Structure formats: C-alpha cells, structure tokens
>>> print(open('my_file_13.pdb').read())   # PDB, C-alpha atoms
MODEL        1
ATOM      1  CA  MET A   1    -119.126 -73.280 102.997
ATOM      2  CA  TYR A   2    -116.742 -72.178 105.741
ATOM      3  CA  ARG A   3    -117.941 -71.016 109.120
ATOM      4  CA  PHE A   4    -116.068 -69.883 112.181
ATOM      5  CA  LEU A   5    -115.076 -72.519 114.749
ATOM      6  CA  ARG A   6    -113.467 -71.491 118.011
ATOM      7  CA  THR A   7    -110.709 -73.789 119.235
ATOM      8  CA  ALA A   8    -108.936 -74.288 122.500
ATOM      9  CA  VAL A   9    -105.251 -75.150 122.584
ATOM     10  CA  ILE A  10    -104.177 -77.669 125.193
ATOM     11  CA  LYS A  11    -101.013 -79.608 125.878
ATOM     12  CA  PHE A  12    -101.364 -83.397 125.786
ATOM     13  CA  ASN A  13     -98.466 -85.804 126.297
ATOM     14  CA  GLY A  14     -95.984 -83.078 125.540
ATOM     15  CA  ARG A  15     -97.466 -81.878 122.260
ATOM     16  CA  ILE A  16     -99.884 -79.201 121.190
ATOM     17  CA  ASN A  17    -103.419 -80.320 120.439
ATOM     18  CA  TYR A  18    -106.206 -78.187 118.978
ATOM     19  CA  CYS A  19    -109.611 -79.091 120.407
ATOM     20  CA  ASN A  20    -112.929 -77.617 119.512
ATOM     21  CA  ILE A  21    -115.120 -76.011 122.133
ATOM     22  CA  ASN A  22    -118.284 -76.910 120.222
ATOM     23  CA  ARG A  23    -117.903 -79.972 118.001
ATOM     24  CA  ASP A  24    -121.323 -79.367 116.416
ATOM     25  CA  LYS A  25    -120.022 -76.274 114.632
ATOM     26  CA  ILE A  26    -119.255 -76.972 110.972
ATOM     27  CA  ILE A  27    -116.238 -75.303 109.380
ATOM     28  CA  ASN A  28    -116.557 -77.206 106.093
ATOM     29  CA  ASP A  29    -119.632 -79.008 104.784
ATOM     30  CA  GLY A  30    -117.752 -80.951 102.108
ATOM     31  CA  SER A  31    -119.049 -78.950  99.141
ATOM     32  CA  ASN A  32    -115.478 -78.478  97.913
ATOM     33  CA  LEU A  33    -114.988 -82.264  97.658
ATOM     34  CA  THR A  34    -115.732 -84.747  94.879
ATOM     35  CA  LEU A  35    -115.688 -88.478  95.608
ATOM     36  CA  TYR A  36    -115.443 -91.124  92.883
ATOM     37  CA  TRP A  37    -116.596 -94.499  94.186
ATOM     38  CA  LEU A  38    -118.158 -97.902  93.549
ATOM     39  CA  SER A  39    -121.118 -99.338  95.442
ATOM     40  CA  GLY A  40    -120.246-102.394  97.521
ATOM     41  CA  SER A  41    -116.524-101.657  97.586
ATOM     42  CA  ALA A  42    -115.274-101.891 101.178
ATOM     43  CA  PRO A  43    -112.538 -99.233 100.660
ATOM     44  CA  CYS A  44    -115.087 -96.846  99.128
ATOM     45  CA  TRP A  45    -117.534 -97.482 101.937
ATOM     46  CA  SER A  46    -114.853 -96.633 104.508
ATOM     47  CA  VAL A  47    -114.440 -93.214 102.912
ATOM     48  CA  LEU A  48    -118.203 -92.661 102.755
ATOM     49  CA  ILE A  49    -118.500 -93.435 106.465
ATOM     50  CA  THR A  50    -115.657 -91.009 107.202
ATOM     51  CA  LEU A  51    -117.325 -88.207 105.252
ATOM     52  CA  HIS A  52    -120.506 -88.681 107.270
ATOM     53  CA  GLU A  53    -118.667 -88.930 110.584
ATOM     54  CA  LYS A  54    -116.812 -85.685 109.808
ATOM     55  CA  GLN A  55    -120.071 -83.950 108.734
ATOM     56  CA  LEU A  56    -118.755 -83.447 105.185
ATOM     57  CA  THR A  57    -122.028 -84.557 103.662
ATOM     58  CA  ASN A  58    -122.366 -81.982 100.864
ATOM     59  CA  TYR A  59    -119.598 -83.554  98.795
ATOM     60  CA  LYS A  60    -120.222 -84.226  95.100
ATOM     61  CA  SER A  61    -120.821 -87.944  94.631
ATOM     62  CA  VAL A  62    -119.687 -89.635  91.406
ATOM     63  CA  LEU A  63    -120.975 -93.205  91.643
ATOM     64  CA  LEU A  64    -119.369 -95.313  88.928
ATOM     65  CA  ASP A  65    -121.025 -98.329  87.323
ATOM     66  CA  PHE A  66    -118.730-101.331  87.683
ATOM     67  CA  SER A  67    -120.730-103.370  85.148
ATOM     68  CA  LYS A  68    -120.033-100.689  82.521
ATOM     69  CA  TYR A  69    -116.331-100.494  83.468
ATOM     70  CA  GLU A  70    -116.686 -96.789  84.176
ATOM     71  CA  HIS A  71    -113.758 -97.000  86.605
ATOM     72  CA  LEU A  72    -111.531 -97.771  83.615
ATOM     73  CA  ASN A  73    -112.396 -94.715  81.530
ATOM     74  CA  ALA A  74    -109.981 -91.924  80.611
ATOM     75  CA  SER A  75    -111.298 -89.442  83.185
ATOM     76  CA  ILE A  76    -110.546 -91.865  86.030
ATOM     77  CA  ASP A  77    -107.170 -92.729  84.521
ATOM     78  CA  SER A  78    -106.240 -89.036  84.634
ATOM     79  CA  LEU A  79    -106.990 -88.987  88.380
ATOM     80  CA  ASN A  80    -105.483 -92.361  89.247
ATOM     81  CA  PRO A  81    -103.266 -94.247  86.773
ATOM     82  CA  ARG A  82    -104.158 -97.477  88.596
ATOM     83  CA  GLN A  83    -107.800 -96.862  87.613
ATOM     84  CA  GLN A  84    -108.935 -97.685  91.124
ATOM     85  CA  VAL A  85    -111.389 -95.976  93.439
ATOM     86  CA  PRO A  86    -112.030 -94.332  95.834
ATOM     87  CA  ILE A  87    -110.617 -91.051  94.589
ATOM     88  CA  LEU A  88    -111.103 -87.809  96.496
ATOM     89  CA  HIS A  89    -110.691 -84.507  94.648
ATOM     90  CA  ARG A  90    -110.571 -81.152  96.423
ATOM     91  CA  ASN A  91    -112.089 -78.779  93.895
ATOM     92  CA  ASP A  92    -110.781 -75.536  95.391
ATOM     93  CA  ASP A  93    -107.063 -76.359  95.383
ATOM     94  CA  GLY A  94    -106.934 -79.318  92.976
ATOM     95  CA  VAL A  95    -105.599 -81.815  95.526
ATOM     96  CA  ILE A  96    -106.244 -85.414  94.432
ATOM     97  CA  ILE A  97    -105.790 -88.271  96.862
ATOM     98  CA  ASN A  98    -106.218 -91.987  96.232
ATOM     99  CA  GLU A  99    -106.241 -95.041  98.531
ATOM    100  CA  SER A 100    -108.908 -95.294 101.209
ATOM    101  CA  ILE A 101    -106.573 -95.253 104.216
ATOM    102  CA  ALA A 102    -104.797 -92.162 102.899
ATOM    103  CA  ILE A 103    -108.113 -90.394 102.227
ATOM    104  CA  CYS A 104    -109.544 -91.122 105.678
ATOM    105  CA  LEU A 105    -106.345 -90.081 107.460
ATOM    106  CA  PHE A 106    -106.262 -86.932 105.316
ATOM    107  CA  LEU A 107    -109.826 -85.971 106.268
ATOM    108  CA  GLU A 108    -109.203 -86.616 109.955
ATOM    109  CA  HIS A 109    -106.043 -84.512 109.738
ATOM    110  CA  LEU A 110    -107.899 -81.628 108.074
ATOM    111  CA  PHE A 111    -110.898 -81.704 110.410
ATOM    112  CA  PRO A 112    -109.855 -83.245 113.742
ATOM    113  CA  CYS A 113    -112.384 -81.151 115.657
ATOM    114  CA  GLN A 114    -115.354 -81.444 113.310
ATOM    115  CA  GLY A 115    -117.870 -84.228 113.785
ATOM    116  CA  SER A 116    -116.563 -87.445 115.341
ATOM    117  CA  ARG A 117    -113.009 -87.601 116.571
ATOM    118  CA  LEU A 118    -111.694 -90.673 114.749
ATOM    119  CA  LEU A 119    -108.146 -90.705 116.138
ATOM    120  CA  PRO A 120    -107.521 -90.134 119.846
ATOM    121  CA  ASP A 121    -104.793 -88.216 121.629
ATOM    122  CA  ASP A 122    -104.026 -91.138 123.918
ATOM    123  CA  ASN A 123    -100.855 -92.716 122.529
ATOM    124  CA  GLY A 124    -101.706 -96.267 123.562
ATOM    125  CA  ARG A 125    -105.153 -96.264 121.960
ATOM    126  CA  LEU A 126    -103.836 -94.435 118.901
ATOM    127  CA  ALA A 127    -101.164 -97.105 118.400
ATOM    128  CA  THR A 128    -103.747 -99.889 118.595
ATOM    129  CA  ILE A 129    -106.121 -98.138 116.185
ATOM    130  CA  LEU A 130    -103.378 -97.634 113.586
ATOM    131  CA  GLN A 131    -102.332-101.262 113.978
ATOM    132  CA  ARG A 132    -105.905-102.505 113.497
ATOM    133  CA  ILE A 133    -106.270-100.376 110.354
ATOM    134  CA  MET A 134    -103.225-102.071 108.847
ATOM    135  CA  GLU A 135    -104.279-105.508 110.124
ATOM    136  CA  VAL A 136    -107.587-105.354 108.252
ATOM    137  CA  ASN A 137    -105.654-106.134 105.069
ATOM    138  CA  ASN A 138    -104.850-109.592 106.474
ATOM    139  CA  LEU A 139    -108.550-110.321 106.916
ATOM    140  CA  ASN A 140    -109.362-109.024 103.436
ATOM    141  CA  ARG A 141    -106.525-110.982 101.826
ATOM    142  CA  LYS A 142    -107.466-114.275 103.462
ATOM    143  CA  ALA A 143    -111.116-113.850 102.529
ATOM    144  CA  TRP A 144    -110.214-113.039  98.919
ATOM    145  CA  ARG A 145    -108.153-116.251  98.688
ATOM    146  CA  LEU A 146    -111.445-118.095  99.177
ATOM    147  CA  VAL A 147    -113.715-115.799  97.183
ATOM    148  CA  LYS A 148    -111.631-115.526  94.017
ATOM    149  CA  PRO A 149    -111.787-119.258  93.089
ATOM    150  CA  ILE A 150    -115.563-119.146  93.616
ATOM    151  CA  ILE A 151    -115.996-116.096  91.376
ATOM    152  CA  THR A 152    -113.745-117.598  88.697
ATOM    153  CA  LYS A 153    -115.425-121.010  89.091
ATOM    154  CA  SER A 154    -112.064-122.672  89.738
ATOM    155  CA  VAL A 155    -112.663-124.264  93.138
ATOM    156  CA  HIS A 156    -112.418-127.709  91.533
ATOM    157  CA  LYS A 157    -108.861-126.850  90.464
ATOM    158  CA  GLN A 158    -107.745-126.162  94.027
ATOM    159  CA  ASP A 159    -105.468-128.674  95.690
ATOM    160  CA  PRO A 160    -107.539-130.098  98.587
ATOM    161  CA  VAL A 161    -104.714-129.635 101.105
ATOM    162  CA  VAL A 162    -104.074-126.055  99.997
ATOM    163  CA  TRP A 163    -107.808-125.278  99.932
ATOM    164  CA  LYS A 164    -108.205-126.556 103.496
ATOM    165  CA  SER A 165    -105.211-124.467 104.558
ATOM    166  CA  LYS A 166    -106.836-121.355 103.079
ATOM    167  CA  LYS A 167    -110.057-122.043 104.970
ATOM    168  CA  ASP A 168    -108.201-122.672 108.210
ATOM    169  CA  ASP A 169    -106.219-119.440 107.797
ATOM    170  CA  PHE A 170    -109.417-117.461 107.296
ATOM    171  CA  LEU A 171    -111.141-119.049 110.294
ATOM    172  CA  TRP A 172    -108.089-118.383 112.457
ATOM    173  CA  GLU A 173    -108.130-114.740 111.365
ATOM    174  CA  LEU A 174    -111.831-114.402 112.196
ATOM    175  CA  LYS A 175    -111.236-115.882 115.634
ATOM    176  CA  LEU A 176    -108.437-113.375 116.233
ATOM    177  CA  TRP A 177    -110.719-110.440 115.403
ATOM    178  CA  ASP A 178    -113.495-111.898 117.505
ATOM    179  CA  GLY A 179    -111.034-111.837 120.384
ATOM    180  CA  TYR A 180    -110.287-108.163 119.747
ATOM    181  CA  LEU A 181    -113.979-107.488 120.383
ATOM    182  CA  CYS A 182    -114.267-109.461 123.619
ATOM    183  CA  SER A 183    -113.645-106.441 125.859
ATOM    184  CA  ASN A 184    -117.351-105.472 125.655
ATOM    185  CA  GLN A 185    -116.405-101.824 125.180
ATOM    186  CA  GLY A 186    -118.613-101.505 122.110
ATOM    187  CA  TYR A 187    -116.057-100.807 119.404
ATOM    188  CA  LEU A 188    -112.940-102.343 117.940
ATOM    189  CA  VAL A 189    -110.615-100.259 120.122
ATOM    190  CA  GLY A 190    -112.127 -98.967 123.336
ATOM    191  CA  ASN A 191    -115.504 -97.346 123.877
ATOM    192  CA  GLU A 192    -115.464 -94.850 120.991
ATOM    193  CA  PHE A 193    -115.946 -95.273 117.242
ATOM    194  CA  SER A 194    -112.652 -94.779 115.405
ATOM    195  CA  LEU A 195    -110.925 -95.167 112.040
ATOM    196  CA  ALA A 196    -110.349 -98.812 112.945
ATOM    197  CA  ASP A 197    -114.098 -99.449 112.965
ATOM    198  CA  LEU A 198    -114.794 -97.790 109.646
ATOM    199  CA  PHE A 199    -112.241-100.034 107.917
ATOM    200  CA  PHE A 200    -113.320-103.205 109.726
ATOM    201  CA  TYR A 201    -117.100-102.859 109.494
ATOM    202  CA  PRO A 202    -117.451-102.841 105.662
ATOM    203  CA  LEU A 203    -115.586-106.150 105.471
ATOM    204  CA  ILE A 204    -117.806-107.714 108.126
ATOM    205  CA  ALA A 205    -120.920-106.476 106.301
ATOM    206  CA  ALA A 206    -119.612-108.132 103.130
ATOM    207  CA  PHE A 207    -118.994-111.372 105.035
ATOM    208  CA  VAL A 208    -122.588-111.311 106.256
ATOM    209  CA  ARG A 209    -123.778-111.029 102.645
ATOM    210  CA  TRP A 210    -121.452-113.893 101.711
ATOM    211  CA  SER A 211    -123.003-116.130 104.424
ATOM    212  CA  VAL A 212    -119.725-116.434 106.305
ATOM    213  CA  PHE A 213    -121.418-116.580 109.697
ATOM    214  CA  ASP A 214    -124.207-118.981 108.773
ATOM    215  CA  LYS A 215    -122.228-122.212 109.055
ATOM    216  CA  ILE A 216    -118.762-121.662 110.471
ATOM    217  CA  GLU A 217    -118.008-123.347 113.758
ATOM    218  CA  VAL A 218    -115.703-120.758 115.308
ATOM    219  CA  GLY A 219    -116.287-118.241 118.052
ATOM    220  CA  ALA A 220    -117.578-115.331 115.976
ATOM    221  CA  GLY A 221    -120.324-114.224 118.330
ATOM    222  CA  ASN A 222    -118.627-110.962 119.206
ATOM    223  CA  ILE A 223    -118.265-110.071 115.523
ATOM    224  CA  VAL A 224    -121.925-110.803 114.795
ATOM    225  CA  ASP A 225    -123.047-108.735 117.808
ATOM    226  CA  TYR A 226    -120.767-105.905 116.693
ATOM    227  CA  TYR A 227    -122.210-106.004 113.162
ATOM    228  CA  ARG A 228    -125.796-105.827 114.401
ATOM    229  CA  ARG A 229    -125.093-103.085 116.924
ATOM    230  CA  LEU A 230    -123.429-100.758 114.428
ATOM    231  CA  LEU A 231    -126.234-101.191 111.897
ATOM    232  CA  GLU A 232    -127.999 -98.365 113.704
ATOM    233  CA  ARG A 233    -125.109 -95.900 113.513
ATOM    234  CA  ASP A 234    -126.115 -92.903 111.377
ATOM    235  CA  SER A 235    -122.962 -92.836 109.260
ATOM    236  CA  ILE A 236    -123.395 -96.517 108.396
ATOM    237  CA  LYS A 237    -127.109 -96.285 107.664
ATOM    238  CA  HIS A 238    -126.684 -93.195 105.461
ATOM    239  CA  SER A 239    -123.756 -94.643 103.513
ATOM    240  CA  TRP A 240    -125.201 -98.147 103.088
ATOM    241  CA  PRO A 241    -124.180 -99.443  99.617
ATOM    242  CA  PRO A 242    -127.060 -99.071  97.135
ATOM    243  CA  ASN A 243    -126.404-102.488  95.629
ATOM    244  CA  PHE A 244    -126.888-104.090  99.055
ATOM    245  CA  ASN A 245    -130.508-102.926  98.887
ATOM    246  CA  SER A 246    -131.113-103.590  95.201
ATOM    247  CA  SER A 247    -129.622-107.072  94.879
ATOM    248  CA  PRO A 248    -129.865-110.224  97.018
ATOM    249  CA  PRO A 249    -126.855-111.414  99.061
ATOM    250  CA  ALA A 250    -124.307-113.250  96.949
ATOM    251  CA  LYS A 251    -123.713-115.979  99.579
ATOM    252  CA  LEU A 252    -120.331-116.588  97.958
ATOM    253  CA  LEU A 253    -118.914-118.536 100.877
ATOM    254  CA  ASP A 254    -122.025-120.585 101.559
ATOM    255  CA  GLN A 255    -120.506-123.547  99.702
ATOM    256  CA  VAL A 256    -117.118-123.243 101.412
ATOM    257  CA  PHE A 257    -118.052-123.968 105.016
TER     258      PHE A 257
ENDMDL
END
>>> encode(input="my_file_13.pdb", output="structure tokens")
Amino acid sequence: MYRFLRTAVIKFNGRINYCNINRDKIINDGSNLTLYWLSGSAPCWSVLITLHEKQLTNYKSVLLDFSKYEHLNASIDSLNPRQQVPILHRNDDGVIINESIAICLFLEHLFPCQGSRLLPDDNGRLATILQRIMEVNNLNRKAWRLVKPIITKSVHKQDPVVWKSKKDDFLWELKLWDGYLCSNQGYLVGNEFSLADLFFYPLIAAFVRWSVFDKIEVGAGNIVDYYRRLLERDSIKHSWPPNFNSSPPAKLLDQVF
C-alpha cells in the first residue's frame, strides 16, 4: 500500500512547503480507506472526485441505497449521529471524518504531493479557492429553495411575490458564478483544477439534469461551457453518479423558468 516518495523542501512565502519530485509516485493507493456515499449526492460526488484526483482509487466503496433508507441504519448512525453521508473511515487508525469539505481538505492535507495539487501555495489564489468553496453553499441553498416545493408538490402554496423573489435570487446567484468564469482560464480559480471546482461542478451537473439552463434568460454561457469542458476530465468521468446513467434527468426546474 505504501511506497517511497522522495520530497524536496522549499521555502515559499516564508513557510516550509514539501513538494514532490515525481508526482506520479503513489505513497498510498487508498486501500486503507472506506467511503460511505449516495449516488447523485453533490457532497458525495465531491469526495469521489477528490479520491480520484489524489490517486486514492483502491478505497472500499459502500454505496448506500437511498430508496431503502440505508443511510438511516444503525451502522451509519454509529459513524455519524446525523445519519448523513459522505463518511470517510480510515481502517488502519480508526479515524472517521464526516462532511464533504472536511473530508476533501483532510485528504489534500494528507497527500499534498500525490496526484493533483488541489490547493496552491500562492496566498492570493488559495484565499479565493477557499472563499469559493464556502460560497457554493449559497448556490446550493438558493437552488434548494426552488426544488423543495417542487419535490413536495407545494408550489401552488407559494406566495407569488415570495416565489418570484426566490427565482430572482437564484438567477442572480447563477449570474455571479458565470462572472467568476469569465476569465477564460479554464477553471473556477485560475488555470488549474482545484478544490473549488470539485465542489462547484457537481452542483452544475445537477442543474443540467434539472433543466436549469434550457430556458433561463441570464448570461450562463460560461457555466455551460465549463460544464461541457470538464465532462472529459478523468476524475469526473470515473466518478460519474451511477443513477445519472440509469435514470432519465428529473428536469425539476423545467416548470419554474
């Protein structure tokens, strides 16, 4: 499982940084990790992408069946009292970590020089990446304010003024993110794939399945181009949610716009 990786120590911005000489060398293949996850969950997908980017592809996969409420069983409760996934378990030392952002930061911290470097040394770019990671919650929250009434079949109970406000908030948020991508550098922050991308992309993929971009009249061209371009990235192709292939798009927001 573990193999030798030579590192070089350099000083960057006043602090010590350990950089690999050969990033293709694997010091851990992930065989000491177990991931509990749900297909189609954006937080779970973010972790799956991270595992592939960090070349930790031999992890044990425990795919739970949402329709059978397997995420609510006693074994999951013992790992996470909130009964939420993803959950990452390190089998060799018993470490259990929940919450997708925490898991991805943890893996990048453990293996900064293996596979893709997902957080940079440059302080300015690092600050923007961390901000974008936290900002994604705003996009998710505003989308869910529209999706939940559709799922619960309660759109007719929505106050028309409030419902319009929710739609306007979501469209404004999309336009903001489209602006983040206008630099033509290829990724959300700069010209390299980062943790910001692996939290943003699963949401955009869900929006595509929900028909968000079919009818809206906002400048979302950069987002659509970004979605299509990253479809070919290995970590995204290899971690593509199984239910995306086995079931047709839900088109949840088709009736909203």
>>> closest_residue(input="my_file_13.pdb", among="A:Asp65, A:Asp92, A:Asp197, A:Glu53", to="Ile133 of chain A", atoms="all atoms listed in the file")
A:Asp197
>>> closest_residue(input="my_file_13.pdb", among="A:Phe244, A:Phe207, A:Trp37, A:Tyr180", to="Lys60 of chain A", atoms="only C-alpha atoms")
A:Trp37
>>> closest_residue(input="my_file_13.pdb", among="A:Asp234, A:Leu118, A:Tyr201, A:Ser239", to="Leu38 of chain A", atoms="all atoms listed in the file")
A:Ser239
>>> closest_residue(input="my_file_13.pdb", among="A:His156, A:Arg117, A:Lys142, A:Lys215", to="Lys251 of chain A", atoms="all atoms listed in the file")
A:Lys215
>>> resolve_selection(input="my_file_13.pdb", expression="the PyMOL selection byres ((chain A and resi 85) around 9)", output="list in words")
Leu35, Tyr36, Trp37, Leu38, Ser41, Pro43, Cys44, His71, Ile76, Asn80, Arg82, Gln83, Gln84, Pro86, Ile87, Leu88, Asn98, Glu99 and Ser100 of chain A
>>> residues_around(input="my_file_13.pdb", residues="Asn58 of chain A", least_positions_apart="6", cutoff="9 Å", atoms="all atoms listed in the file", output="VMD selection string")
chain A and resid 29 to 33
>>> atom_distance(input="my_file_13.pdb", atom1="atom CA of Asp121 of chain A", atom2="atom CA of Gly190 of chain A")
13.1 Å
>>> closest_residue(input="my_file_13.pdb", among="A:Asn91, A:His52, A:Ile204, A:Val62", to="Arg228 of chain A", atoms="all atoms listed in the file")
A:Ile204
>>> resolve_selection(input="my_file_13.pdb", expression="the PyMOL selection byres ((chain A and resi 193) around 12)", output="ChimeraX atom specification")
/A:49-50,53,115-120,125,129,185-192,194-201,226,230,233-236
>>> closest_residue(input="my_file_13.pdb", among="A:Phe170, A:Trp210, A:Tyr227, A:Phe111", to="Ala250 of chain A", atoms="all atoms listed in the file")
A:Trp210
>>> atom_distance(input="my_file_13.pdb", atom1="atom CA of Phe106 of chain A", atom2="atom CA of Asp93 of chain A")
14.5 Å
>>> atom_distance(input="my_file_13.pdb", atom1="atom CA of Lys164 of chain A", atom2="atom CA of Val256 of chain A")
9.7 Å
>>> decode(input="my_file_13.pdb", residues="segment 69-100 of chain A", atoms="N, CA and C atoms", output="mmCIF file, in the first residue's frame")
data_model
loop_
_atom_site.group_PDB
_atom_site.id
_atom_site.type_symbol
_atom_site.label_atom_id
_atom_site.label_comp_id
_atom_site.auth_asym_id
_atom_site.auth_seq_id
_atom_site.Cartn_x
_atom_site.Cartn_y
_atom_site.Cartn_z
ATOM 1 N N TYR A 69 -33.490 3.613 2.459
ATOM 2 C CA TYR A 69 -33.127 4.344 3.685
ATOM 3 C C TYR A 69 -31.916 3.727 4.387
ATOM 4 N N GLU A 70 -30.989 3.217 3.581
ATOM 5 C CA GLU A 70 -29.813 2.576 4.179
ATOM 6 C C GLU A 70 -28.929 3.573 4.924
ATOM 7 N N HIS A 71 -29.041 4.857 4.577
ATOM 8 C CA HIS A 71 -28.247 5.873 5.272
ATOM 9 C C HIS A 71 -28.777 6.144 6.684
ATOM 10 N N LEU A 72 -29.921 5.557 7.013
ATOM 11 C CA LEU A 72 -30.506 5.755 8.334
ATOM 12 C C LEU A 72 -30.329 4.548 9.244
ATOM 13 N N ASN A 73 -29.581 3.538 8.792
ATOM 14 C CA ASN A 73 -29.457 2.334 9.613
ATOM 15 C C ASN A 73 -28.467 2.528 10.761
ATOM 16 N N ALA A 74 -28.421 1.547 11.655
ATOM 17 C CA ALA A 74 -27.633 1.673 12.884
ATOM 18 C C ALA A 74 -26.139 1.783 12.609
ATOM 19 N N SER A 75 -25.648 1.106 11.578
ATOM 20 C CA SER A 75 -24.212 1.145 11.291
ATOM 21 C C SER A 75 -23.777 2.543 10.871
ATOM 22 N N ILE A 76 -24.621 3.249 10.123
ATOM 23 C CA ILE A 76 -24.306 4.623 9.736
ATOM 24 C C ILE A 76 -24.431 5.543 10.937
ATOM 25 N N ASP A 77 -25.435 5.310 11.760
ATOM 26 C CA ASP A 77 -25.634 6.127 12.959
ATOM 27 C C ASP A 77 -24.425 6.055 13.882
ATOM 28 N N SER A 78 -23.767 4.901 13.930
ATOM 29 C CA SER A 78 -22.589 4.748 14.788
ATOM 30 C C SER A 78 -21.391 5.520 14.249
ATOM 31 N N LEU A 79 -21.401 5.815 12.936
ATOM 32 C CA LEU A 79 -20.312 6.574 12.323
ATOM 33 C C LEU A 79 -20.613 8.067 12.284
ATOM 34 N N ASN A 80 -21.888 8.393 12.126
ATOM 35 C CA ASN A 80 -22.306 9.795 12.076
ATOM 36 C C ASN A 80 -23.700 9.912 12.672
ATOM 37 N N PRO A 81 -23.812 10.470 13.874
ATOM 38 C CA PRO A 81 -25.124 10.586 14.531
ATOM 39 C C PRO A 81 -26.148 11.358 13.702
ATOM 40 N N ARG A 82 -25.689 12.186 12.763
ATOM 41 C CA ARG A 82 -26.613 12.921 11.907
ATOM 42 C C ARG A 82 -27.166 12.034 10.786
ATOM 43 N N GLN A 83 -26.597 10.831 10.654
ATOM 44 C CA GLN A 83 -27.032 9.874 9.636
ATOM 45 C C GLN A 83 -26.947 10.478 8.231
ATOM 46 N N GLN A 84 -25.861 11.182 8.001
ATOM 47 C CA GLN A 84 -25.615 11.803 6.709
ATOM 48 C C GLN A 84 -24.322 11.260 6.116
ATOM 49 N N VAL A 85 -24.265 11.251 4.798
ATOM 50 C CA VAL A 85 -23.053 10.872 4.088
ATOM 51 C C VAL A 85 -22.650 12.054 3.208
ATOM 52 N N PRO A 86 -21.373 12.123 2.824
ATOM 53 C CA PRO A 86 -20.344 11.077 2.876
ATOM 54 C C PRO A 86 -19.714 10.912 4.252
ATOM 55 N N ILE A 87 -19.205 9.705 4.463
ATOM 56 C CA ILE A 87 -18.417 9.371 5.648
ATOM 57 C C ILE A 87 -17.149 8.681 5.172
ATOM 58 N N LEU A 88 -16.017 9.148 5.637
ATOM 59 C CA LEU A 88 -14.742 8.509 5.296
ATOM 60 C C LEU A 88 -14.159 7.870 6.543
ATOM 61 N N HIS A 89 -13.813 6.593 6.438
ATOM 62 C CA HIS A 89 -13.250 5.842 7.565
ATOM 63 C C HIS A 89 -11.863 5.350 7.199
ATOM 64 N N ARG A 90 -10.879 5.713 7.997
ATOM 65 C CA ARG A 90 -9.516 5.190 7.803
ATOM 66 C C ARG A 90 -9.406 3.905 8.611
ATOM 67 N N ASN A 91 -9.263 2.792 7.914
ATOM 68 C CA ASN A 91 -9.330 1.487 8.565
ATOM 69 C C ASN A 91 -8.124 1.190 9.441
ATOM 70 N N ASP A 92 -6.957 1.768 9.119
ATOM 71 C CA ASP A 92 -5.759 1.415 9.871
ATOM 72 C C ASP A 92 -5.682 2.095 11.226
ATOM 73 N N ASP A 93 -6.187 3.326 11.347
ATOM 74 C CA ASP A 93 -6.105 4.012 12.634
ATOM 75 C C ASP A 93 -7.476 4.369 13.213
ATOM 76 N N GLY A 94 -8.552 4.005 12.505
ATOM 77 C CA GLY A 94 -9.896 4.209 13.035
ATOM 78 C C GLY A 94 -10.436 5.620 12.912
ATOM 79 N N VAL A 95 -9.717 6.512 12.235
ATOM 80 C CA VAL A 95 -10.181 7.886 12.076
ATOM 81 C C VAL A 95 -11.459 7.906 11.240
ATOM 82 N N ILE A 96 -12.466 8.606 11.710
ATOM 83 C CA ILE A 96 -13.731 8.780 10.997
ATOM 84 C C ILE A 96 -13.942 10.266 10.788
ATOM 85 N N ILE A 97 -14.220 10.651 9.558
ATOM 86 C CA ILE A 97 -14.444 12.066 9.274
ATOM 87 C C ILE A 97 -15.679 12.217 8.401
ATOM 88 N N ASN A 98 -16.554 13.131 8.815
ATOM 89 C CA ASN A 98 -17.783 13.433 8.103
ATOM 90 C C ASN A 98 -17.703 14.838 7.500
ATOM 91 N N GLU A 99 -18.680 15.178 6.692
ATOM 92 C CA GLU A 99 -18.771 16.468 5.999
ATOM 93 C C GLU A 99 -17.791 16.510 4.822
ATOM 94 N N SER A 100 -18.334 16.774 3.647
ATOM 95 C CA SER A 100 -17.544 16.691 2.422
ATOM 96 C C SER A 100 -16.372 17.663 2.388
#
